[in-house]
$ cat run-v3.pdb   # PDB, C-alpha atoms, pLDDT in the B column
MODEL        1
ATOM      1  CA  MET A   1      12.821   3.154  -3.169  1.00 82.00           C
ATOM      2  CA  ASP A   2      15.441   5.817  -2.652  1.00 88.00           C
ATOM      3  CA  SER A   3      18.194   5.473  -0.043  1.00 89.00           C
ATOM      4  CA  HIS A   4      16.855   8.319   2.132  1.00 92.00           C
ATOM      5  CA  THR A   5      13.403   6.744   2.503  1.00 92.00           C
ATOM      6  CA  PHE A   6      14.932   3.316   3.061  1.00 93.00           C
ATOM      7  CA  LEU A   7      17.230   4.600   5.822  1.00 94.00           C
ATOM      8  CA  GLU A   8      14.470   6.607   7.514  1.00 96.00           C
ATOM      9  CA  THR A   9      12.151   3.589   7.448  1.00 95.00           C
ATOM     10  CA  TYR A  10      14.897   1.335   8.803  1.00 96.00           C
ATOM     11  CA  ARG A  11      15.762   3.812  11.576  1.00 96.00           C
ATOM     12  CA  LEU A  12      12.104   4.111  12.562  1.00 96.00           C
ATOM     13  CA  VAL A  13      11.742   0.340  13.007  1.00 96.00           C
ATOM     14  CA  GLU A  14      15.132   0.115  14.738  1.00 96.00           C
ATOM     15  CA  GLU A  15      14.202   2.950  17.122  1.00 96.00           C
ATOM     16  CA  ASP A  16      11.090   1.111  18.257  1.00 95.00           C
ATOM     17  CA  ALA A  17      12.849  -2.268  18.415  1.00 95.00           C
ATOM     18  CA  GLY A  18      15.757  -0.960  20.463  1.00 95.00           C
ATOM     19  CA  GLU A  19      18.028  -3.347  18.560  1.00 96.00           C
ATOM     20  CA  GLU A  20      19.579  -3.822  15.155  1.00 95.00           C
ATOM     21  CA  CYS A  21      17.133  -4.973  12.485  1.00 96.00           C
ATOM     22  CA  ILE A  22      17.431  -7.106   9.379  1.00 96.00           C
ATOM     23  CA  ALA A  23      16.308  -5.477   6.138  1.00 96.00           C
ATOM     24  CA  THR A  24      15.770  -6.965   2.696  1.00 95.00           C
ATOM     25  CA  PHE A  25      14.576  -5.306  -0.466  1.00 92.00           C
ATOM     26  CA  ILE A  26      13.654  -7.744  -3.209  1.00 90.00           C
ATOM     27  CA  TYR A  27      11.978  -6.537  -6.397  1.00 87.00           C
ATOM     28  CA  SER A  28       9.457  -4.039  -5.051  1.00 90.00           C
ATOM     29  CA  LYS A  29       9.079  -5.397  -1.512  1.00 94.00           C
ATOM     30  CA  LEU A  30      10.826  -3.989   1.562  1.00 95.00           C
ATOM     31  CA  HIS A  31      10.934  -6.205   4.646  1.00 96.00           C
ATOM     32  CA  ILE A  32      12.436  -4.932   7.918  1.00 97.00           C
ATOM     33  CA  ARG A  33      12.328  -7.072  11.036  1.00 95.00           C
ATOM     34  CA  SER A  34      13.740  -7.540  14.493  1.00 95.00           C
ATOM     35  CA  SER A  35      12.899  -9.995  17.254  1.00 95.00           C
ATOM     36  CA  GLU A  36       9.591  -8.193  17.991  1.00 93.00           C
ATOM     37  CA  ASN A  37       9.051  -5.783  15.084  1.00 94.00           C
ATOM     38  CA  GLU A  38       8.169  -6.252  11.454  1.00 96.00           C
ATOM     39  CA  VAL A  39       7.321  -3.904   8.581  1.00 96.00           C
ATOM     40  CA  ILE A  40       6.562  -5.108   5.056  1.00 96.00           C
ATOM     41  CA  ILE A  41       5.946  -2.558   2.311  1.00 96.00           C
ATOM     42  CA  CYS A  42       5.205  -3.263  -1.361  1.00 94.00           C
ATOM     43  CA  PHE A  43       5.642  -0.621  -4.057  1.00 94.00           C
ATOM     44  CA  THR A  44       3.424  -1.328  -7.071  1.00 88.00           C
ATOM     45  CA  GLU A  45       4.222   1.110  -9.865  1.00 83.00           C
ATOM     46  CA  VAL A  46       1.705  -0.424 -12.277  1.00 78.00           C
ATOM     47  CA  ILE A  47      -1.188   0.863 -10.153  1.00 78.00           C
ATOM     48  CA  ASN A  48       0.744   3.633  -8.347  1.00 85.00           C
ATOM     49  CA  GLU A  49       0.150   2.069  -4.938  1.00 89.00           C
ATOM     50  CA  ILE A  50       2.232   1.727  -1.797  1.00 93.00           C
ATOM     51  CA  ALA A  51       0.883  -1.123   0.324  1.00 93.00           C
ATOM     52  CA  ILE A  52       1.786  -1.717   3.939  1.00 95.00           C
ATOM     53  CA  THR A  53       1.185  -5.457   3.907  1.00 93.00           C
ATOM     54  CA  GLY A  54       2.518  -6.180   7.369  1.00 92.00           C
ATOM     55  CA  VAL A  55       3.263  -4.005  10.358  1.00 93.00           C
ATOM     56  CA  CYS A  56       4.048  -4.805  13.964  1.00 92.00           C
ATOM     57  CA  PHE A  57       5.689  -2.339  16.331  1.00 93.00           C
ATOM     58  CA  LYS A  58       6.783  -3.443  19.807  1.00 92.00           C
ATOM     59  CA  ASN A  59       5.597  -0.221  21.421  1.00 90.00           C
ATOM     60  CA  HIS A  60       1.997   0.671  20.688  1.00 85.00           C
ATOM     61  CA  ARG A  61       0.454   4.152  20.557  1.00 86.00           C
ATOM     62  CA  LYS A  62       3.838   5.887  20.229  1.00 92.00           C
ATOM     63  CA  GLY A  63       3.307   7.324  16.734  1.00 93.00           C
ATOM     64  CA  TYR A  64       5.476   4.889  14.799  1.00 95.00           C
ATOM     65  CA  LEU A  65       2.810   3.933  12.246  1.00 94.00           C
ATOM     66  CA  THR A  66       1.826   7.581  11.795  1.00 95.00           C
ATOM     67  CA  ARG A  67       5.473   8.488  11.159  1.00 96.00           C
ATOM     68  CA  LEU A  68       5.853   5.566   8.747  1.00 96.00           C
ATOM     69  CA  ILE A  69       2.782   6.620   6.753  1.00 95.00           C
ATOM     70  CA  SER A  70       3.977  10.223   6.653  1.00 95.00           C
ATOM     71  CA  LEU A  71       7.371   9.089   5.370  1.00 96.00           C
ATOM     72  CA  LEU A  72       5.750   6.905   2.694  1.00 95.00           C
ATOM     73  CA  LYS A  73       3.396   9.712   1.622  1.00 94.00           C
ATOM     74  CA  ASP A  74       6.407  12.022   1.159  1.00 95.00           C
ATOM     75  CA  TYR A  75       8.084   9.347  -0.952  1.00 95.00           C
ATOM     76  CA  GLY A  76       4.844   8.724  -2.836  1.00 94.00           C
ATOM     77  CA  ARG A  77       4.351  12.394  -3.716  1.00 94.00           C
ATOM     78  CA  ALA A  78       7.902  12.608  -5.072  1.00 94.00           C
ATOM     79  CA  ASN A  79       7.503   9.419  -7.132  1.00 93.00           C
ATOM     80  CA  ASN A  80       3.979   9.683  -8.563  1.00 90.00           C
ATOM     81  CA  TYR A  81       2.275   7.163  -6.270  1.00 91.00           C
ATOM     82  CA  LYS A  82      -1.422   7.855  -5.751  1.00 88.00           C
ATOM     83  CA  VAL A  83      -2.551   5.556  -2.941  1.00 90.00           C
ATOM     84  CA  ILE A  84      -1.338   4.143   0.349  1.00 92.00           C
ATOM     85  CA  LYS A  85      -3.010   0.931   1.416  1.00 90.00           C
ATOM     86  CA  LEU A  86      -3.098  -0.757   4.807  1.00 92.00           C
ATOM     87  CA  GLU A  87      -3.651  -4.349   3.787  1.00 89.00           C
ATOM     88  CA  SER A  88      -5.537  -7.100   5.633  1.00 86.00           C
ATOM     89  CA  CYS A  89      -6.220  -5.022   8.735  1.00 86.00           C
ATOM     90  CA  ASN A  90      -7.077  -6.637  12.025  1.00 87.00           C
ATOM     91  CA  GLU A  91      -9.444  -4.773  14.387  1.00 88.00           C
ATOM     92  CA  LYS A  92      -6.677  -2.613  15.881  1.00 89.00           C
ATOM     93  CA  ALA A  93      -5.294  -1.588  12.490  1.00 89.00           C
ATOM     94  CA  ALA A  94      -8.809  -0.986  11.135  1.00 89.00           C
ATOM     95  CA  ASN A  95      -9.549   1.375  14.036  1.00 91.00           C
ATOM     96  CA  TYR A  96      -6.279   3.207  13.355  1.00 91.00           C
ATOM     97  CA  ALA A  97      -7.113   3.461   9.645  1.00 91.00           C
ATOM     98  CA  LYS A  98     -10.596   4.869  10.284  1.00 91.00           C
ATOM     99  CA  LYS A  99      -9.272   7.352  12.852  1.00 92.00           C
ATOM    100  CA  HIS A 100      -6.677   8.624  10.350  1.00 91.00           C
ATOM    101  CA  GLY A 101      -9.010   9.087   7.389  1.00 88.00           C
ATOM    102  CA  PHE A 102      -8.418   5.885   5.463  1.00 89.00           C
ATOM    103  CA  ILE A 103     -11.387   4.535   3.508  1.00 86.00           C
ATOM    104  CA  GLN A 104     -12.334   0.882   3.728  1.00 84.00           C
ATOM    105  CA  ALA A 105     -12.627  -1.085   0.510  1.00 79.00           C
ATOM    106  CA  LEU A 106     -15.974  -2.729  -0.007  1.00 69.00           C
ATOM    107  CA  TYR A 107     -16.020  -6.375   1.152  1.00 59.00           C
ATOM    108  CA  GLU A 108     -12.372  -6.253   2.124  1.00 73.00           C
ATOM    109  CA  TYR A 109     -10.137  -5.689   5.133  1.00 82.00           C
ATOM    110  CA  ASP A 110      -8.016  -3.160   3.244  1.00 83.00           C
ATOM    111  CA  TYR A 111      -8.030   0.587   3.897  1.00 83.00           C
ATOM    112  CA  TYR A 112      -6.921   3.290   1.466  1.00 83.00           C
ATOM    113  CA  ALA A 113      -5.757   6.887   1.715  1.00 86.00           C
ATOM    114  CA  PRO A 114      -4.565   9.225  -1.029  1.00 85.00           C
ATOM    115  CA  VAL A 115      -0.876  10.115  -1.074  1.00 88.00           C
ATOM    116  CA  ILE A 116      -1.827  13.745  -1.767  1.00 83.00           C
ATOM    117  CA  GLU A 117      -4.578  14.908   0.577  1.00 81.00           C
ATOM    118  CA  GLY A 118      -7.787  15.763  -1.213  1.00 77.00           C
ATOM    119  CA  THR A 119      -7.023  13.562  -4.222  1.00 76.00           C
ATOM    120  CA  LYS A 120      -9.957  11.403  -5.227  1.00 73.00           C
ATOM    121  CA  LEU A 121      -9.331   7.712  -4.680  1.00 72.00           C
ATOM    122  CA  PRO A 122     -10.024   5.226  -7.454  1.00 62.00           C
ATOM    123  CA  ASN A 123     -13.370   3.477  -7.352  1.00 59.00           C
ATOM    124  CA  LEU A 124     -12.508   0.937  -4.686  1.00 52.00           C
ATOM    125  CA  ILE A 125     -15.459  -1.302  -5.478  1.00 41.00           C
ATOM    126  CA  TYR A 126     -13.938  -2.049  -8.895  1.00 48.00           C
ATOM    127  CA  TYR A 127     -10.257  -1.758  -8.211  1.00 54.00           C
ATOM    128  CA  ASN A 128      -9.715  -3.716  -5.015  1.00 52.00           C
ATOM    129  CA  SER A 129     -11.216  -7.017  -6.159  1.00 51.00           C
ATOM    130  CA  ALA A 130     -10.285  -6.520  -9.792  1.00 57.00           C
ATOM    131  CA  ILE A 131      -6.588  -6.044  -9.009  1.00 60.00           C
ATOM    132  CA  THR A 132      -6.486  -9.480  -7.411  1.00 59.00           C
ATOM    133  CA  VAL A 133      -8.252 -11.023 -10.402  1.00 59.00           C
ATOM    134  CA  MET A 134      -5.973  -9.161 -12.820  1.00 64.00           C
ATOM    135  CA  ASN A 135      -2.814 -10.366 -11.064  1.00 65.00           C
ATOM    136  CA  GLU A 136      -4.054 -13.958 -10.987  1.00 63.00           C
ATOM    137  CA  TYR A 137      -4.985 -13.778 -14.677  1.00 63.00           C
ATOM    138  CA  ALA A 138      -1.608 -12.327 -15.656  1.00 69.00           C
ATOM    139  CA  SER A 139       0.285 -14.946 -13.664  1.00 69.00           C
ATOM    140  CA  LYS A 140      -1.832 -17.842 -14.897  1.00 68.00           C
ATOM    141  CA  PHE A 141      -1.284 -16.975 -18.547  1.00 71.00           C
ATOM    142  CA  ASN A 142       2.257 -15.607 -18.115  1.00 70.00           C
ATOM    143  CA  LEU A 143       1.244 -12.148 -19.353  1.00 69.00           C
ATOM    144  CA  ASN A 144       2.751  -8.733 -18.779  1.00 69.00           C
ATOM    145  CA  HIS A 145       0.913  -7.100 -15.838  1.00 63.00           C
ATOM    146  CA  ARG A 146       1.015  -3.672 -17.487  1.00 69.00           C
ATOM    147  CA  GLU A 147      -0.765  -4.960 -20.595  1.00 70.00           C
ATOM    148  CA  VAL A 148      -3.448  -6.699 -18.527  1.00 68.00           C
ATOM    149  CA  TRP A 149      -3.892  -3.541 -16.462  1.00 68.00           C
ATOM    150  CA  ASP A 150      -4.318  -1.408 -19.609  1.00 71.00           C
ATOM    151  CA  VAL A 151      -7.051  -3.741 -20.874  1.00 68.00           C
ATOM    152  CA  PHE A 152      -8.708  -3.690 -17.443  1.00 64.00           C
ATOM    153  CA  GLU A 153      -8.711   0.121 -17.266  1.00 66.00           C
ATOM    154  CA  GLU A 154     -10.093   0.352 -20.811  1.00 68.00           C
ATOM    155  CA  SER A 155     -12.921  -2.057 -19.950  1.00 62.00           C
ATOM    156  CA  ILE A 156     -13.877   0.036 -16.923  1.00 58.00           C
ATOM    157  CA  LYS A 157     -13.931   3.187 -19.095  1.00 62.00           C
ATOM    158  CA  MET A 158     -16.113   1.388 -21.630  1.00 58.00           C
ATOM    159  CA  GLY A 159     -18.446   0.251 -18.859  1.00 53.00           C
ATOM    160  CA  ARG A 160     -18.759   3.811 -17.573  1.00 47.00           C
ATOM    161  CA  ASN A 161     -19.534   5.074 -21.089  1.00 46.00           C
ATOM    162  CA  GLU A 162     -22.226   2.407 -21.582  1.00 44.00           C
ATOM    163  CA  ASN A 163     -23.808   3.361 -18.253  1.00 41.00           C
ATOM    164  CA  ASN A 164     -23.827   7.061 -19.188  1.00 44.00           C
ATOM    165  CA  ASN A 165     -25.537   6.522 -22.582  1.00 43.00           C
TER     166      ASN A 165
ENDMDL
END
$ encode --input "run-v3.pdb" --output "structure tokens"
Amino acid sequence: MDSHTFLETYRLVEEDAGEECIATFIYSKLHIRSSENEVIICFTEVINEIAITGVCFKNHRKGYLTRLISLLKDYGRANNYKVIKLESCNEKAANYAKKHGFIQALYEYDYYAPVIEGTKLPNLIYYNSAITVMNEYASKFNLNHREVWDVFEESIKMGRNENNN
């Protein structure tokens, strides 16, 4: 994450909190929190995804989440990310996601939107559940995530070709 996006994200959370926040950035995970606010964002380059895995703003319906998503989409466009995900949405977040054009993953509480408007999203039926399986597999066998992902993508392509023949 570049310093501009980090500072803008921090300032956004701090503005809503009305107090100084604590921010950590470890590996590809940004965590900003105050006494009442929290934003957790994961940047996954392997699958070109920015995931908002936790979000809580003190003041509701003030545009903070919309501004955060806009900021992350700008960053995503500049850095070749394809998808923004709102992860594990409760009812309030799910309503927000639907209202703002996010698409719900099948059998999941995650919602997706393309970083570049009009870009086709990956097949969420395959990807959403398969990513979890792929990560578990890679961790269990101490494998490189990129290599596992390449095999996974190739198997999906092969499956599509078999279905088309």
$ resolve_selection --input "run-v3.pdb" --expression "the PyMOL selection byres ((chain A and resi 10) around 12)" --output "JSON, numbers by chain"
{"A": [3, 4, 5, 6, 7, 8, 9, 11, 12, 13, 14, 15, 16, 17, 18, 19, 20, 21, 22, 23, 24, 25, 30, 31, 32, 33, 34, 37, 38, 39, 40, 41, 64, 68, 71]}
$ resolve_selection --input "run-v3.pdb" --expression "the PyMOL selection byres ((chain A and resi 89) around 9)" --output "list in words"
Thr53, Gly54, Leu86, Glu87, Ser88, Asn90, Glu91, Lys92, Ala93, Ala94, Asn95, Ala97, Tyr109, Asp110 and Tyr111 of chain A
$ atom_distance --input "run-v3.pdb" --atom1 "atom CA of A:Glu36" --atom2 "atom CA of A:Phe57"
7.2 Å
$ closest_residue --input "run-v3.pdb" --among "A:Val83, A:Arg77, A:Asp2, A:Ile26" --to "A:Asn48" --atoms "all atoms listed in the file"
A:Val83
$ closest_residue --input "run-v3.pdb" --among "A:Val46, A:Glu108, A:Ile52, A:Asn59" --to "A:Lys73" --atoms "only C-alpha atoms"
A:Ile52
